[in-house]
Amino acid sequence: MQDIPADLKYTTSHEWVLVESDDLVRVGISEHAQSQLGDMVFVELPEVGAQVSAGDAVAVVESVKAASDVYSPVPGEIVEVNEALEASPELVNSDPYVDGWLFAVKPDSLDALDALLDAEGYRSLLEEEA
Amino acid sequence: MLKKTPLHALHQQAGAKLVDFGGWEMPIHYGSQVEEHHQVRKGVGMFDVSHMTVVDVEGADAQAFLRHLLANDVARLQTAGKALYTCMLNENGGVVDDLIVYYLSPERYRLVVNAATREKDLAWMDRQASAFSVQLEEQPQLAMIAVQGPEAVSHLATVLPDLAGQLAEQPRFSAFVHLEWFLARTGYTGEDGYEIILPAEDAPGLWEQLEQAGVRPCGLGARDTLRLEAGMNLYGQDMDESTTPLESALAWTVAWEPADRQFIGRKALEKQKAEGIPRKLVGLVLLDRGVLRHGQVVQCAAGQGEITSGSFSPTMGRSIAMARVPADCDAQPLVDVRGRKLRTLVVRMPFVRDGQVSEAVTEKLNEITGE
(Lines give C-alpha, C1' and ligand atoms only; values in the text may rest on other atoms or scores of the structure.)
Protein backbone atom coordinates (compact mmCIF):
# COMPACT_ATOMS: atom_id res chain seq x y z
CA MET A 1 0.00 0.00 0.00
CA GLN A 2 1.09 3.57 -0.64
CA ASP A 3 2.66 5.52 2.16
CA ILE A 4 0.27 8.41 2.92
CA PRO A 5 1.17 10.10 6.23
CA ALA A 6 -1.89 11.14 8.21
CA ASP A 7 -0.44 14.47 9.38
CA LEU A 8 -0.19 15.88 5.85
CA LYS A 9 -2.70 17.37 3.44
CA TYR A 10 -2.73 16.52 -0.26
CA THR A 11 -3.66 18.12 -3.57
CA THR A 12 -5.34 16.42 -6.51
CA SER A 13 -2.13 17.09 -8.43
CA HIS A 14 -0.22 14.87 -5.94
CA GLU A 15 1.63 17.42 -3.84
CA TRP A 16 1.75 16.96 -0.08
CA VAL A 17 1.36 19.99 2.14
CA LEU A 18 2.63 20.34 5.70
CA VAL A 19 1.24 23.29 7.64
CA GLU A 20 4.06 23.89 10.10
CA SER A 21 2.54 27.14 11.35
CA ASP A 22 0.34 29.95 10.09
CA ASP A 23 3.57 31.39 8.64
CA LEU A 24 5.09 28.30 7.05
CA VAL A 25 3.66 25.75 4.63
CA ARG A 26 6.05 23.12 3.32
CA VAL A 27 5.42 21.32 0.00
CA GLY A 28 6.67 18.16 -1.71
CA ILE A 29 5.32 15.43 -3.95
CA SER A 30 3.66 12.27 -2.70
CA GLU A 31 5.11 8.78 -2.58
CA HIS A 32 2.66 7.90 -5.35
CA ALA A 33 3.80 10.82 -7.53
CA GLN A 34 7.51 10.00 -7.21
CA SER A 35 6.82 6.36 -7.95
CA GLN A 36 4.86 7.29 -11.09
CA LEU A 37 7.64 9.60 -12.30
CA GLY A 38 10.53 7.25 -11.55
CA ASP A 39 14.18 8.14 -10.97
CA MET A 40 14.57 11.90 -10.43
CA VAL A 41 17.47 13.50 -12.25
CA PHE A 42 16.79 17.23 -11.93
CA VAL A 43 14.71 19.55 -9.80
CA GLU A 44 14.06 23.16 -10.77
CA LEU A 45 13.21 25.21 -7.67
CA PRO A 46 11.75 28.71 -7.36
CA GLU A 47 13.74 31.75 -6.19
CA VAL A 48 13.52 32.49 -2.49
CA GLY A 49 11.53 35.73 -2.19
CA ALA A 50 9.32 35.04 -5.21
CA GLN A 51 5.63 35.93 -4.83
CA VAL A 52 3.31 33.11 -5.92
CA SER A 53 -0.42 32.58 -6.26
CA ALA A 54 -2.27 29.42 -5.29
CA GLY A 55 -2.12 27.03 -8.25
CA ASP A 56 1.05 28.56 -9.76
CA ALA A 57 3.56 26.09 -11.19
CA VAL A 58 6.56 27.04 -9.08
CA ALA A 59 8.86 24.03 -9.34
CA VAL A 60 9.59 21.27 -11.84
CA VAL A 61 10.65 17.74 -10.99
CA GLU A 62 12.25 15.84 -13.84
CA SER A 63 12.73 12.11 -13.88
CA VAL A 64 14.48 10.08 -16.53
CA LYS A 65 11.02 9.67 -18.02
CA ALA A 66 9.34 13.08 -17.86
CA ALA A 67 9.14 16.60 -16.46
CA SER A 68 6.28 17.44 -14.10
CA ASP A 69 5.18 20.79 -12.67
CA VAL A 70 4.71 21.24 -8.94
CA TYR A 71 2.09 23.77 -7.85
CA SER A 72 1.92 26.02 -4.83
CA PRO A 73 -1.17 25.20 -2.79
CA VAL A 74 -1.29 28.67 -1.20
CA PRO A 75 -0.60 32.28 -2.22
CA GLY A 76 2.40 33.91 -0.57
CA GLU A 77 6.15 34.25 -0.60
CA ILE A 78 8.68 31.46 -1.20
CA VAL A 79 10.81 31.50 1.94
CA GLU A 80 12.82 28.28 1.67
CA VAL A 81 13.86 25.85 -1.06
CA ASN A 82 15.49 22.47 -0.59
CA GLU A 83 18.97 23.17 -1.91
CA ALA A 84 20.09 19.60 -1.21
CA LEU A 85 18.07 18.54 -4.24
CA GLU A 86 20.46 20.36 -6.57
CA ALA A 87 23.11 17.72 -5.91
CA SER A 88 20.78 14.89 -4.89
CA PRO A 89 17.47 14.98 -6.77
CA GLU A 90 17.02 11.29 -5.91
CA LEU A 91 16.01 12.35 -2.36
CA VAL A 92 12.58 12.98 -3.86
CA ASN A 93 12.42 9.24 -4.63
CA SER A 94 14.03 7.85 -1.51
CA ASP A 95 12.38 10.12 1.06
CA PRO A 96 9.55 12.10 -0.56
CA TYR A 97 7.95 13.25 2.73
CA VAL A 98 10.98 14.41 4.69
CA ASP A 99 14.36 14.99 3.02
CA GLY A 100 12.74 15.23 -0.42
CA TRP A 101 10.66 18.35 0.37
CA LEU A 102 10.73 20.99 -2.40
CA PHE A 103 9.87 24.47 -1.14
CA ALA A 104 8.20 26.36 1.73
CA VAL A 105 5.78 29.26 1.43
CA LYS A 106 4.92 32.01 3.89
CA PRO A 107 1.21 32.15 3.08
CA ASP A 108 -0.78 35.37 2.60
CA SER A 109 -3.85 33.35 3.46
CA LEU A 110 -4.61 29.80 4.55
CA ASP A 111 -8.08 29.76 2.95
CA ALA A 112 -6.94 27.59 0.03
CA LEU A 113 -5.95 24.84 2.46
CA ASP A 114 -9.61 24.08 3.16
CA ALA A 115 -9.97 22.60 -0.31
CA LEU A 116 -7.10 20.13 0.17
CA LEU A 117 -7.57 16.43 0.80
CA ASP A 118 -6.75 14.68 4.04
CA ALA A 119 -4.91 11.34 3.98
CA GLU A 120 -8.17 9.42 3.70
CA GLY A 121 -9.40 11.60 0.84
CA TYR A 122 -6.08 11.25 -0.98
CA ARG A 123 -6.17 7.49 -0.60
CA SER A 124 -9.62 7.47 -2.21
CA LEU A 125 -8.31 9.64 -5.05
CA LEU A 126 -5.51 7.16 -5.74
CA GLU A 127 -7.97 4.28 -5.70
CA GLU A 128 -10.19 6.11 -8.21
CA GLU A 129 -7.23 6.83 -10.48
CA ALA A 130 -5.90 3.27 -10.33
CA MET B 1 -6.67 -5.37 -25.12
CA LEU B 2 -2.90 -5.12 -24.92
CA LYS B 3 -0.80 -7.95 -26.31
CA LYS B 4 1.32 -9.93 -23.87
CA THR B 5 4.64 -11.67 -24.37
CA PRO B 6 5.34 -15.21 -23.07
CA LEU B 7 7.24 -13.57 -20.20
CA HIS B 8 4.37 -11.32 -19.06
CA ALA B 9 3.51 -13.38 -15.97
CA LEU B 10 7.16 -13.35 -14.84
CA HIS B 11 7.29 -9.55 -15.20
CA GLN B 12 4.19 -9.22 -13.03
CA GLN B 13 5.65 -11.53 -10.38
CA ALA B 14 8.85 -9.47 -10.40
CA GLY B 15 6.85 -6.30 -9.66
CA ALA B 16 7.57 -4.67 -13.01
CA LYS B 17 5.86 -1.41 -13.85
CA LEU B 18 4.01 -2.31 -17.04
CA VAL B 19 3.05 0.19 -19.72
CA ASP B 20 1.44 0.23 -23.15
CA PHE B 21 4.32 0.02 -25.58
CA GLY B 22 3.03 0.07 -29.16
CA GLY B 23 0.05 -2.11 -28.25
CA TRP B 24 2.05 -4.45 -26.00
CA GLU B 25 2.00 -4.47 -22.22
CA MET B 26 5.73 -4.29 -21.49
CA PRO B 27 7.92 -3.60 -18.43
CA ILE B 28 9.24 -0.04 -18.34
CA HIS B 29 11.30 -0.82 -15.22
CA TYR B 30 11.43 -3.24 -12.28
CA GLY B 31 12.03 -0.55 -9.65
CA SER B 32 14.71 1.82 -10.90
CA GLN B 33 15.43 2.61 -14.53
CA VAL B 34 18.75 4.26 -13.65
CA GLU B 35 20.00 1.25 -11.66
CA GLU B 36 19.03 -1.05 -14.52
CA HIS B 37 20.91 1.20 -16.92
CA HIS B 38 24.10 1.03 -14.81
CA GLN B 39 23.67 -2.71 -14.40
CA VAL B 40 23.92 -3.19 -18.18
CA ARG B 41 26.90 -0.82 -18.53
CA LYS B 42 28.84 -2.43 -15.67
CA GLY B 43 27.62 -6.03 -15.52
CA VAL B 44 24.74 -7.71 -17.28
CA GLY B 45 21.01 -7.24 -17.68
CA MET B 46 18.27 -8.85 -19.73
CA PHE B 47 15.34 -7.42 -21.64
CA ASP B 48 12.15 -8.99 -22.92
CA VAL B 49 11.98 -7.80 -26.53
CA SER B 50 9.47 -10.41 -27.68
CA HIS B 51 7.26 -7.62 -29.02
CA MET B 52 9.65 -7.20 -31.94
CA THR B 53 8.54 -8.69 -35.24
CA VAL B 54 10.50 -11.52 -36.85
CA VAL B 55 9.93 -12.12 -40.56
CA ASP B 56 11.64 -14.92 -42.49
CA VAL B 57 12.21 -14.37 -46.21
CA GLU B 58 12.62 -17.49 -48.30
CA GLY B 59 12.69 -18.36 -51.97
CA ALA B 60 14.78 -18.37 -55.12
CA ASP B 61 14.58 -14.56 -55.34
CA ALA B 62 15.18 -13.85 -51.64
CA GLN B 63 18.45 -12.03 -52.27
CA ALA B 64 17.18 -10.13 -55.33
CA PHE B 65 14.06 -9.08 -53.41
CA LEU B 66 16.01 -7.74 -50.42
CA ARG B 67 18.50 -5.95 -52.69
CA HIS B 68 15.47 -4.11 -54.11
CA LEU B 69 13.69 -3.58 -50.78
CA LEU B 70 16.57 -2.40 -48.57
CA ALA B 71 18.93 0.58 -48.80
CA ASN B 72 21.87 -1.43 -47.52
CA ASP B 73 23.04 -4.30 -49.73
CA VAL B 74 22.48 -7.87 -48.51
CA ALA B 75 24.92 -9.07 -51.18
CA ARG B 76 27.58 -7.85 -48.73
CA LEU B 77 26.60 -10.72 -46.47
CA GLN B 78 28.66 -13.77 -47.40
CA THR B 79 28.94 -15.68 -44.11
CA ALA B 80 25.96 -17.58 -42.73
CA GLY B 81 24.56 -15.73 -39.70
CA LYS B 82 26.08 -12.38 -40.61
CA ALA B 83 23.86 -9.39 -39.77
CA LEU B 84 23.32 -6.07 -41.53
CA TYR B 85 21.60 -2.96 -40.19
CA THR B 86 19.57 -1.17 -42.84
CA CYS B 87 16.71 1.16 -43.61
CA MET B 88 13.71 0.21 -45.68
CA LEU B 89 12.77 3.28 -47.72
CA ASN B 90 9.76 4.49 -49.68
CA GLU B 91 10.08 5.97 -53.18
CA ASN B 92 10.71 9.42 -51.68
CA GLY B 93 13.67 8.14 -49.71
CA GLY B 94 11.71 8.39 -46.45
CA VAL B 95 12.36 5.69 -43.85
CA VAL B 96 9.52 3.14 -43.65
CA ASP B 97 11.41 1.31 -40.89
CA ASP B 98 14.91 0.34 -39.80
CA LEU B 99 15.71 -3.31 -39.30
CA ILE B 100 18.36 -5.98 -38.94
CA VAL B 101 18.64 -8.61 -41.64
CA TYR B 102 20.48 -11.88 -40.99
CA TYR B 103 21.88 -13.91 -43.88
CA LEU B 104 21.22 -17.64 -43.61
CA SER B 105 21.67 -18.64 -47.29
CA PRO B 106 21.13 -16.84 -50.62
CA GLU B 107 17.55 -18.14 -50.47
CA ARG B 108 16.92 -17.53 -46.76
CA TYR B 109 17.13 -14.41 -44.64
CA ARG B 110 15.66 -13.40 -41.30
CA LEU B 111 14.48 -9.83 -40.66
CA VAL B 112 13.78 -8.26 -37.26
CA VAL B 113 11.59 -5.15 -37.57
CA ASN B 114 9.98 -2.79 -35.08
CA ALA B 115 6.81 -3.81 -33.26
CA ALA B 116 5.16 -0.40 -33.59
CA THR B 117 5.42 -0.53 -37.40
CA ARG B 118 4.53 -4.20 -37.83
CA GLU B 119 1.34 -3.88 -39.91
CA LYS B 120 2.76 -1.15 -42.13
CA ASP B 121 6.01 -3.05 -42.70
CA LEU B 122 4.32 -6.34 -43.54
CA ALA B 123 1.95 -4.63 -45.99
CA TRP B 124 4.82 -2.75 -47.63
CA MET B 125 7.00 -5.85 -47.93
CA ASP B 126 4.12 -7.94 -49.29
CA ARG B 127 3.43 -5.32 -51.93
CA GLN B 128 7.05 -5.16 -53.02
CA ALA B 129 7.37 -8.96 -53.00
CA SER B 130 4.72 -9.59 -55.63
CA ALA B 131 7.23 -9.28 -58.49
CA PHE B 132 9.62 -11.79 -56.90
CA SER B 133 9.62 -15.51 -56.26
CA VAL B 134 9.75 -15.19 -52.50
CA GLN B 135 7.70 -16.05 -49.39
CA LEU B 136 7.46 -13.79 -46.35
CA GLU B 137 6.59 -15.61 -43.14
CA GLU B 138 6.05 -13.71 -39.92
CA GLN B 139 7.13 -15.77 -36.89
CA PRO B 140 4.74 -14.73 -34.10
CA GLN B 141 5.42 -17.98 -32.21
CA LEU B 142 8.93 -16.75 -31.39
CA ALA B 143 10.02 -14.82 -28.32
CA MET B 144 13.14 -12.69 -28.00
CA ILE B 145 15.40 -12.08 -25.00
CA ALA B 146 18.29 -9.60 -25.13
CA VAL B 147 21.14 -10.31 -22.68
CA GLN B 148 23.42 -7.28 -22.65
CA GLY B 149 26.48 -6.00 -20.84
CA PRO B 150 30.19 -6.76 -20.45
CA GLU B 151 29.32 -9.91 -18.47
CA ALA B 152 26.53 -11.05 -20.83
CA VAL B 153 28.54 -13.72 -22.60
CA SER B 154 30.00 -15.25 -19.43
CA HIS B 155 26.59 -15.39 -17.73
CA LEU B 156 24.96 -16.92 -20.78
CA ALA B 157 27.72 -19.50 -20.88
CA THR B 158 26.92 -20.62 -17.32
CA VAL B 159 23.29 -21.16 -18.32
CA LEU B 160 24.13 -22.76 -21.69
CA PRO B 161 27.36 -24.64 -20.91
CA ASP B 162 27.21 -26.73 -24.09
CA LEU B 163 27.35 -23.52 -26.12
CA ALA B 164 30.00 -21.76 -24.04
CA GLY B 165 32.73 -22.00 -26.68
CA GLN B 166 30.49 -20.89 -29.52
CA LEU B 167 29.04 -18.01 -27.46
CA ALA B 168 32.52 -16.69 -26.71
CA GLU B 169 33.89 -17.09 -30.24
CA GLN B 170 30.92 -15.86 -32.30
CA PRO B 171 31.96 -12.60 -34.00
CA ARG B 172 29.95 -9.50 -33.08
CA PHE B 173 27.03 -8.65 -35.32
CA SER B 174 26.43 -12.22 -36.41
CA ALA B 175 24.27 -15.13 -35.30
CA PHE B 176 24.36 -18.90 -34.98
CA VAL B 177 21.55 -21.39 -34.89
CA HIS B 178 21.26 -24.10 -32.23
CA LEU B 179 18.27 -26.42 -32.72
CA GLU B 180 15.28 -24.05 -32.67
CA TRP B 181 17.20 -21.18 -31.08
CA PHE B 182 18.74 -18.30 -32.98
CA LEU B 183 21.52 -16.61 -31.02
CA ALA B 184 22.66 -13.26 -32.41
CA ARG B 185 25.58 -11.27 -30.97
CA THR B 186 23.71 -8.01 -31.46
CA GLY B 187 21.89 -5.51 -29.31
CA TYR B 188 20.53 -2.02 -28.77
CA THR B 189 22.63 -0.90 -25.82
CA GLY B 190 26.18 -0.29 -27.09
CA GLU B 191 27.42 -3.25 -25.03
CA ASP B 192 28.44 -6.77 -25.91
CA GLY B 193 25.71 -9.37 -25.62
CA TYR B 194 23.20 -11.56 -27.37
CA GLU B 195 19.68 -11.29 -28.67
CA ILE B 196 18.19 -14.76 -28.51
CA ILE B 197 15.18 -15.58 -30.68
CA LEU B 198 13.53 -18.77 -29.44
CA PRO B 199 10.19 -20.58 -29.35
CA ALA B 200 7.74 -18.87 -26.98
CA GLU B 201 7.47 -21.99 -24.81
CA ASP B 202 11.24 -21.98 -24.17
CA ALA B 203 11.40 -18.31 -23.16
CA PRO B 204 10.23 -18.44 -19.50
CA GLY B 205 12.68 -21.26 -18.74
CA LEU B 206 15.65 -19.36 -20.16
CA TRP B 207 14.57 -16.15 -18.40
CA GLU B 208 14.35 -17.90 -15.01
CA GLN B 209 17.68 -19.67 -15.49
CA LEU B 210 19.35 -16.40 -16.39
CA GLU B 211 17.84 -14.75 -13.34
CA GLN B 212 19.15 -17.54 -11.12
CA ALA B 213 22.57 -17.01 -12.72
CA GLY B 214 22.46 -13.38 -11.55
CA VAL B 215 21.20 -11.64 -14.67
CA ARG B 216 18.92 -8.82 -13.63
CA PRO B 217 15.72 -8.07 -15.59
CA CYS B 218 15.75 -4.58 -17.10
CA GLY B 219 12.88 -2.61 -18.56
CA LEU B 220 12.43 -0.78 -21.81
CA GLY B 221 13.12 2.52 -20.01
CA ALA B 222 16.75 1.55 -19.48
CA ARG B 223 16.89 0.18 -23.01
CA ASP B 224 15.97 3.65 -24.27
CA THR B 225 18.65 5.52 -22.31
CA LEU B 226 21.21 2.85 -23.23
CA ARG B 227 20.49 3.12 -26.95
CA LEU B 228 20.51 6.92 -26.79
CA GLU B 229 23.95 6.91 -25.13
CA ALA B 230 25.05 4.42 -27.80
CA GLY B 231 23.90 6.86 -30.50
CA MET B 232 21.38 4.42 -31.94
CA ASN B 233 18.31 5.86 -33.62
CA LEU B 234 14.78 5.05 -32.52
CA TYR B 235 12.28 4.70 -35.35
CA GLY B 236 9.33 7.10 -35.14
CA GLN B 237 11.38 9.54 -33.08
CA ASP B 238 14.76 10.07 -34.74
CA MET B 239 13.60 9.19 -38.24
CA ASP B 240 10.37 8.35 -40.03
CA GLU B 241 8.81 8.52 -43.49
CA SER B 242 9.35 12.29 -43.66
CA THR B 243 13.13 12.02 -43.24
CA THR B 244 15.78 10.29 -45.33
CA PRO B 245 18.71 8.28 -43.92
CA LEU B 246 20.99 11.10 -45.12
CA GLU B 247 19.21 13.48 -42.71
CA SER B 248 19.23 10.88 -39.93
CA ALA B 249 22.94 10.14 -39.39
CA LEU B 250 22.36 6.90 -41.29
CA ALA B 251 24.19 7.65 -44.55
CA TRP B 252 26.61 4.86 -43.57
CA THR B 253 23.80 2.34 -43.99
CA VAL B 254 23.11 3.28 -47.62
CA ALA B 255 25.04 1.10 -50.09
CA TRP B 256 25.57 3.23 -53.22
CA GLU B 257 27.75 0.61 -54.87
CA PRO B 258 27.12 -1.17 -57.16
CA ALA B 259 25.67 1.83 -58.95
CA ASP B 260 23.21 -0.25 -60.94
CA ARG B 261 21.38 -1.66 -57.88
CA GLN B 262 18.00 0.05 -58.04
CA PHE B 263 16.82 -0.15 -54.42
CA ILE B 264 13.60 1.61 -53.50
CA GLY B 265 14.29 5.27 -52.72
CA ARG B 266 17.64 5.37 -54.51
CA LYS B 267 16.61 8.04 -57.02
CA ALA B 268 15.25 10.31 -54.31
CA LEU B 269 18.42 9.93 -52.22
CA GLU B 270 20.62 10.68 -55.25
CA LYS B 271 18.58 13.78 -55.95
CA GLN B 272 18.84 14.94 -52.34
CA LYS B 273 22.57 14.30 -52.31
CA ALA B 274 23.03 16.29 -55.55
CA GLU B 275 20.91 19.21 -54.34
CA GLY B 276 22.45 19.29 -50.88
CA ILE B 277 21.16 17.74 -47.69
CA PRO B 278 19.36 20.50 -45.77
CA ARG B 279 19.31 18.95 -42.30
CA LYS B 280 21.39 16.56 -40.25
CA LEU B 281 20.96 14.54 -37.09
CA VAL B 282 23.56 15.35 -34.44
CA GLY B 283 24.37 14.46 -30.87
CA LEU B 284 23.98 17.18 -28.22
CA VAL B 285 25.34 17.33 -24.69
CA LEU B 286 23.63 19.78 -22.33
CA LEU B 287 26.12 22.11 -20.65
CA ASP B 288 23.62 23.70 -18.26
CA ARG B 289 21.47 21.94 -15.70
CA GLY B 290 18.19 20.49 -16.96
CA VAL B 291 16.93 17.73 -19.21
CA LEU B 292 16.63 17.74 -23.00
CA ARG B 293 13.41 16.17 -24.27
CA HIS B 294 11.83 15.14 -27.56
CA GLY B 295 10.20 18.11 -29.29
CA GLN B 296 12.23 20.95 -27.72
CA VAL B 297 13.34 23.66 -30.14
CA VAL B 298 17.05 23.96 -30.95
CA GLN B 299 18.31 27.42 -31.91
CA CYS B 300 21.34 27.36 -34.20
CA ALA B 301 22.82 30.50 -35.75
CA ALA B 302 21.70 28.99 -39.08
CA GLY B 303 18.08 28.44 -38.05
CA GLN B 304 15.89 26.21 -35.92
CA GLY B 305 16.09 22.53 -35.27
CA GLU B 306 14.36 20.06 -33.00
CA ILE B 307 15.30 17.50 -30.36
CA THR B 308 14.24 14.07 -31.64
CA SER B 309 15.32 12.04 -28.58
CA GLY B 310 16.45 13.51 -25.29
CA SER B 311 16.98 12.21 -21.80
CA PHE B 312 19.33 12.11 -18.87
CA SER B 313 22.46 10.06 -19.47
CA PRO B 314 23.09 8.01 -16.33
CA THR B 315 26.64 7.24 -17.49
CA MET B 316 27.58 10.89 -18.10
CA GLY B 317 25.47 12.41 -15.35
CA ARG B 318 24.24 15.01 -17.84
CA SER B 319 21.42 15.32 -20.28
CA ILE B 320 22.10 14.24 -23.87
CA ALA B 321 20.02 14.27 -27.02
CA MET B 322 19.78 13.65 -30.72
CA ALA B 323 18.59 16.67 -32.67
CA ARG B 324 17.72 17.36 -36.27
CA VAL B 325 19.30 20.72 -37.13
CA PRO B 326 20.20 22.77 -40.21
CA ALA B 327 23.19 21.24 -42.04
CA ASP B 328 25.37 24.25 -41.16
CA CYS B 329 24.39 24.41 -37.49
CA ASP B 330 27.07 25.90 -35.23
CA ALA B 331 28.91 23.95 -32.54
CA GLN B 332 27.00 25.31 -29.53
CA PRO B 333 23.29 25.73 -30.23
CA LEU B 334 20.81 26.79 -27.53
CA VAL B 335 17.79 24.72 -26.59
CA ASP B 336 14.57 26.24 -25.31
CA VAL B 337 13.57 24.39 -22.14
CA ARG B 338 10.38 25.88 -20.69
CA GLY B 339 11.44 29.35 -21.75
CA ARG B 340 15.03 29.05 -20.53
CA LYS B 341 17.77 29.05 -23.17
CA LEU B 342 20.16 26.26 -22.22
CA ARG B 343 23.61 25.81 -23.76
CA THR B 344 24.47 22.60 -25.59
CA LEU B 345 27.47 21.20 -27.40
CA VAL B 346 27.35 19.29 -30.68
CA VAL B 347 29.30 16.04 -30.39
CA ARG B 348 30.04 13.05 -32.50
CA MET B 349 27.97 10.01 -31.51
CA PRO B 350 28.10 7.55 -29.84
CA PHE B 351 28.19 9.25 -26.46
CA VAL B 352 29.04 5.97 -24.72
CA ARG B 353 30.25 2.63 -26.02
CA ASP B 354 31.39 -0.50 -24.20
CA GLY B 355 30.92 1.05 -20.78
CA GLN B 356 32.96 4.22 -21.40
CA VAL B 357 32.10 7.79 -22.35
CA SER B 358 33.64 8.29 -25.79
CA GLU B 359 37.01 10.05 -25.75
CA ALA B 360 35.90 12.51 -28.40
CA VAL B 361 32.94 13.55 -26.24
CA THR B 362 35.07 13.82 -23.10
CA GLU B 363 37.71 15.93 -24.84
CA LYS B 364 35.18 18.27 -26.35
CA LEU B 365 33.41 18.70 -23.02
CA ASN B 366 36.70 19.38 -21.24
CA GLU B 367 37.59 22.08 -23.76
CA ILE B 368 34.36 23.90 -23.02
CA THR B 369 34.06 23.37 -19.31
CA GLY B 370 37.78 23.94 -18.75
CA GLU B 371 38.26 20.80 -16.66
# chains A, B, ... in the order shown; residues from 1 in each chain; ligands from 1
$ closest_atom_pairs --of "chain A" --to "chain B" --cutoff "8 Å" --atoms "only C-alpha atoms" --output "tab-separated table"
residue	atom	partner	partner_atom	distance
A:Gly38	CA	B:Ser32	CA	6.9
A:Asp39	CA	B:Ser32	CA	6.3
A:Val41	CA	B:Phe312	CA	7.0
A:Phe42	CA	B:Gly290	CA	6.2
A:Glu44	CA	B:Gly290	CA	7.9
A:Glu62	CA	B:Val291	CA	7.4
A:Val64	CA	B:Phe312	CA	5.8
A:Lys65	CA	B:Ser311	CA	7.5
$ select_by_dssp --residues "segment 39-224 of chain B" --states "strand (DSSP E or B)" --output "ChimeraX atom specification"
/B:45-48,53-58,70,82-89,95-105,108-113,135-138,142-148,174-178,181-184,193-199,216-217
$ select_by_dssp --residues "segment 2-105 of chain A" --states "helix (DSSP H, G or I)" --output "list in words"
Glu31, His32, Ala33, Gln34, Ser35, Gln36, Leu37, Ala84, Leu85, Glu86, Ala87, Leu91, Val92, Asn93 and Ser94 of chain A
$ closest_residue --among "B:Arg185, B:Lys280, B:Arg216, B:Arg76" --to "Leu246 of chain B" --atoms "only C-alpha atoms"
B:Lys280
$ residues_around --residues "Gln51 of chain A" --least-positions-apart "4" --cutoff "7 Å" --atoms "only C-alpha atoms" --output "number ranges by chain"
A: 76-78
$ residues_around --residues "Asp95 of chain A" --least-positions-apart "3" --cutoff "12 Å" --atoms "only C-alpha atoms" --output "PyMOL selection string"
chain A and resi 3+28-32+34-35+40+85+88-92+98-102
$ atom_distance --atom1 "atom CA of Ala14 of chain B" --atom2 "atom CA of Leu226 of chain B"
21.7 Å
